[in-house]
Structures are given as C-alpha cells and as structure tokens.
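To keep things clear, I will list the structure first and then write my remarks on it.
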Amino acid sequence: MRLDQRGDSAHSIAMTAEDHDFSHLDRFGRAAASVSRNPRLAVNIVLGAAVVLAWLLLGAMAIRGAESRVPGIDAPGDTMLRYLPGLPLPDFLERFFSLCLAPAPLDRGVGAQAGVLIVMWFLMAVATMLPSAAPMIRTYCEIADTARIKGEAVVHPLILVAGYLSVWLAASAVFAALTLIVHAFASSVQMLDPVVGATGAAALLVAGLYQFSGLKEACLTKCKSPFSILFSNWSARPGRIFRLGIEQGVWCLGCCWALMLVMFAVGVMNVFWLALIGLFTLIEKQTAGRLPTRVAGAILLVWATALLVVSA
C-alpha cells in the first residue's frame with residue numbers, strides 16, 4: 001500500500017510538473033500561461049486595468065469639460081483642471097466626450113446622448129465602486145482556492161465580477177435618464193454642470209437622510225460580511241455564480257446609490273468629488289461601526305439646508 005501511495009504521489013507530482021512546464025513557450029507565452037494558471041492574479045490584473053482605464057477616461061473628459069465650459073459658471077475644480085495638460089485623443093473619444101458634455105435637444109438625438117451617458121455613468125461606477133468590491137472578490141478567490149485544492153470544480157472569479165457590474169450597468173441607465181430629465185428643466189447650457197437651488201438641495205437631502213435609514217444599514221451589513229453569503233451560495237455552475245454576483249451588486253447598489261446623487265449637486269463630471277465618494281465608500285465598507293455613515297449623513301443634511309437658504 002505504501003508503495004502504491006508513493007507511486008501515485010510520484011505520478012501526480014510528475015504530471016503536475018509536466019502540466020506546469022512552459023519552457024517550450026516564448027516569454028509572452030510563459031507569462032500568459034502563468035497568469036491563466038492563477039485566477040486570482042488574472043482577476044487583479046483585469047480589475048486594476050479596468051479601474052485605471054476608467055479614471056483616465058473620466059479625467060480626460062473632465063479636462064475637456066473644464067476647457068469648454070462657459071465663463072462665469074465654473075464647476076468646482078475647473079481652475080485646477082485647466083492647468084492640466086490635454087492629451088491627444090482618438091477621434092471616437094473626442095466625439096464621445098462632446099456627446100456627454102454638450103446639451104442635447106430632447107426632441108432629437110436623445111438616443112445617442114442617452115447611450116453615451118450610460119457609458120459615462122458606468123465608467124464612474126467602475127472607478128468608484130469596483131475598488132470597494134475588492135474584499136468581496138478577494139473572499140471569493142480565497143474560497144475558490146480552497147475548493148481547487150480539494151479538486152472541486154470552480155467558476156472563474158470574473159464571472160462573479162461580471163454579475164456585479166451588470167447591476168451597476170443597469171443603474172447607470174437610470175442615472176443617465178435622470179441626467180437627461182434634470183437637464184431638460186435646468187437653465188445651464190452644459191449637460192453636466194452642477195444643479196443649484198431646490199434640485200441640488202433635494203439630491204443632498206435624499207443622500208443625507210438615506211445614510212440614517214435601516215435599508216442602508218442592512219445593505220452595508222451584507223457588503224461588510226461577504227463570506228457567509230458567498231460560502232452558503234457556493235456553486236460550480238457559471239450561471240449561479242453570475243447570479244451571486246448580481247446579488248452582491250444589488251447590496252452594493254443599496255449602499256451607494258444615494259451617494260451618487262451628490263454628483264448632481266457638485267457636477268456630474270467633478271472628478272474630485274467622484275474620487276472622494278469612491279474613497280468614502282471604501283472606508284465605509286471597511287469600518288466596523290456606523291460612525292463614517294452617520295457623519296457623512298449629517299454633513300449632507302447641513303449642506304442641503306445651507307443650499308436651500310442661499311438659493312431662497
């Protein structure tokens with residue numbers, strides 16, 4: 001029996017060494033094979049590249065918006081953005097930016113504008129929400145590694161990420177529609193200028209009150225403790241893991257949808273506030289207590305009241 005066990009073990013080691021022998025490949029092939037053999041590394045590379053690309057596109061769009069804004073109605077941060085170097089961009093990106101930043105008559109061209117606004121809001125979600133989802137994705141990878149060691153079938157973590165992002169893509173369509181509606185009643189000539197007065201105060205008021213709601217607390221609790229949900233719903237079927245990603249995305253959306261409304265009060269393409277919201281969501285989901293949530297809610301309520309008083 002011992003001989004058989006040693007023989008089986010030696011055979012397994014030999015097979016493993018043969019499976020992991022990439023010496024016959026070129027340098028790029030060895031690197032690609034190494035990444036494909038390590039799902040966690042592949043996920044980190046893909047997610048990191050997605051977040052960096054989203055911020056680069058949003059930053060370039062914000063610079064274009066600051067340069068094209070009508071004098072006298074500068075948005076917060078425009079002065080600093082105008083001093084940043086403008087990088088040469090492909091024509092399709094320039095057209096995309098112009099569609100996002102320029103007003104569209106609501107009787108024609110709304111379809112094209114709505115499409116690019118959905119993409120723009122989705123980029124904002126990737127830039128701000130995907131980093132805060134990293135603990136959930138890392139937890140899935142850890143469970144998947146344990147299952148793989150036991151020889152169980154494992155669904156690639158990117159399927160989970162795809163389900164998560166599909167929720168924010170749907171939410172982006174709602175935010176895009178809201179952007180068009182706000183613009184239809186706003187006096188500003190720029191699509192993404194901050195709204196003022198009652199509209200901006202209403203956005204801040206909703207965001208502030210939601211920070212104290214029971215629904216916010218329930219969603220935040222789910223986001224802070226992903227292990228039990230992922231472990232209890234573990235499956236080797238891609239469709240089930242995709243739905244699990246959707247469930248996690250819904251909890252995350254429940255945490256953060258109201259904070260995204262703040263962008264209407266400060267300017268939808270205000271990258272400084274976008275970065276602040278992204279940082280806050282990351283801190284909020286990593287903090288054990290509810291202090292950051294309540295402090296942010298109080299600040300938003302005071303801000304809403306002050307905006308109403310000033311605009312009255």
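Please note that chains go A, B, ... in the order of the structure tokens, that every chain numbers its residues from 1, and that ligands are numbered from 1 in the order shown.
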Using only C-alpha atoms, find each residue in segment 151-188 of chain A having at least one atom no more than 12 Å away from segment 255-275 of chain A; report its shortest atom-to-atom pair and that distance in Å (one decimal), rows by chain then rising number, as JSON lines.
{"residue": "A:Val167", "atom": "CA", "partner": "A:Trp257", "partner_atom": "CA", "distance": 11.4}
{"residue": "A:Trp168", "atom": "CA", "partner": "A:Trp257", "partner_atom": "CA", "distance": 9.6}
{"residue": "A:Ala170", "atom": "CA", "partner": "A:Trp257", "partner_atom": "CA", "distance": 11.9}
{"residue": "A:Ala171", "atom": "CA", "partner": "A:Trp257", "partner_atom": "CA", "distance": 8.3}
{"residue": "A:Ser172", "atom": "CA", "partner": "A:Trp257", "partner_atom": "CA", "distance": 10.1}
{"residue": "A:Val174", "atom": "CA", "partner": "A:Trp257", "partner_atom": "CA", "distance": 10.5}
{"residue": "A:Phe175", "atom": "CA", "partner": "A:Leu261", "partner_atom": "CA", "distance": 8.5}
{"residue": "A:Ala176", "atom": "CA", "partner": "A:Val268", "partner_atom": "CA", "distance": 10.5}
{"residue": "A:Leu178", "atom": "CA", "partner": "A:Phe264", "partner_atom": "CA", "distance": 9.6}
{"residue": "A:Thr179", "atom": "CA", "partner": "A:Phe264", "partner_atom": "CA", "distance": 8.1}
{"residue": "A:Leu180", "atom": "CA", "partner": "A:Phe264", "partner_atom": "CA", "distance": 11.5}
{"residue": "A:Ile181", "atom": "CA", "partner": "A:Phe264", "partner_atom": "CA", "distance": 11.7}
{"residue": "A:Val182", "atom": "CA", "partner": "A:Phe264", "partner_atom": "CA", "distance": 8.8}
{"residue": "A:His183", "atom": "CA", "partner": "A:Phe264", "partner_atom": "CA", "distance": 10.4}
{"residue": "A:Ala186", "atom": "CA", "partner": "A:Phe264", "partner_atom": "CA", "distance": 11.5}
{"residue": "A:Ser188", "atom": "CA", "partner": "A:Gly267", "partner_atom": "CA", "distance": 11.5}
How about saving the chosen residues, C-alpha atoms kept, as an mmCIF file, in the first residue's frame?
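Listing of out_31.cif after writing:
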data_model
loop_
_atom_site.group_PDB
_atom_site.id
_atom_site.type_symbol
_atom_site.label_atom_id
_atom_site.label_comp_id
_atom_site.auth_asym_id
_atom_site.auth_seq_id
_atom_site.Cartn_x
_atom_site.Cartn_y
_atom_site.Cartn_z
ATOM 1 C CA VAL A 167 -26.154 45.685 -11.703
ATOM 2 C CA TRP A 168 -24.205 48.919 -11.983
ATOM 3 C CA ALA A 170 -28.498 48.823 -15.155
ATOM 4 C CA ALA A 171 -28.169 51.538 -12.510
ATOM 5 C CA SER A 172 -26.149 53.630 -14.974
ATOM 6 C CA VAL A 174 -31.304 55.041 -14.544
ATOM 7 C CA PHE A 175 -28.736 57.724 -13.672
ATOM 8 C CA ALA A 176 -28.404 58.611 -17.372
ATOM 9 C CA LEU A 178 -32.146 61.200 -14.534
ATOM 10 C CA THR A 179 -29.352 63.323 -16.044
ATOM 11 C CA LEU A 180 -31.452 63.984 -19.152
ATOM 12 C CA ILE A 181 -34.506 64.828 -17.059
ATOM 13 C CA VAL A 182 -32.576 67.254 -14.846
ATOM 14 C CA HIS A 183 -31.027 68.874 -17.926
ATOM 15 C CA ALA A 186 -32.159 73.196 -15.895
ATOM 16 C CA SER A 188 -27.486 75.701 -17.657
#
Grab the atom CA of Ala304 of chain A to atom CA of Leu169 of chain A distance for me, in Å with one decimal place. 28.2 Å
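In this comparison, which uses only C-alpha atoms, the residue of A:Ser98, A:Ser225, A:Thr139, A:Thr146 approaching Ala288 of chain A most closely is A:Ser225.
Going from atom CA of Ala42 of chain A over to atom CA of Thr281 of chain A, you cover 24.5 Å.
A straight line drawn from atom CA of Arg64 of chain A to atom CA of Val116 of chain A is 15.4 Å long.
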In terms of only C-alpha atoms, the residue from A:Met61, A:Val196, A:Leu230, A:Ala306 at minimal distance from Ile143 of chain A is A:Leu230
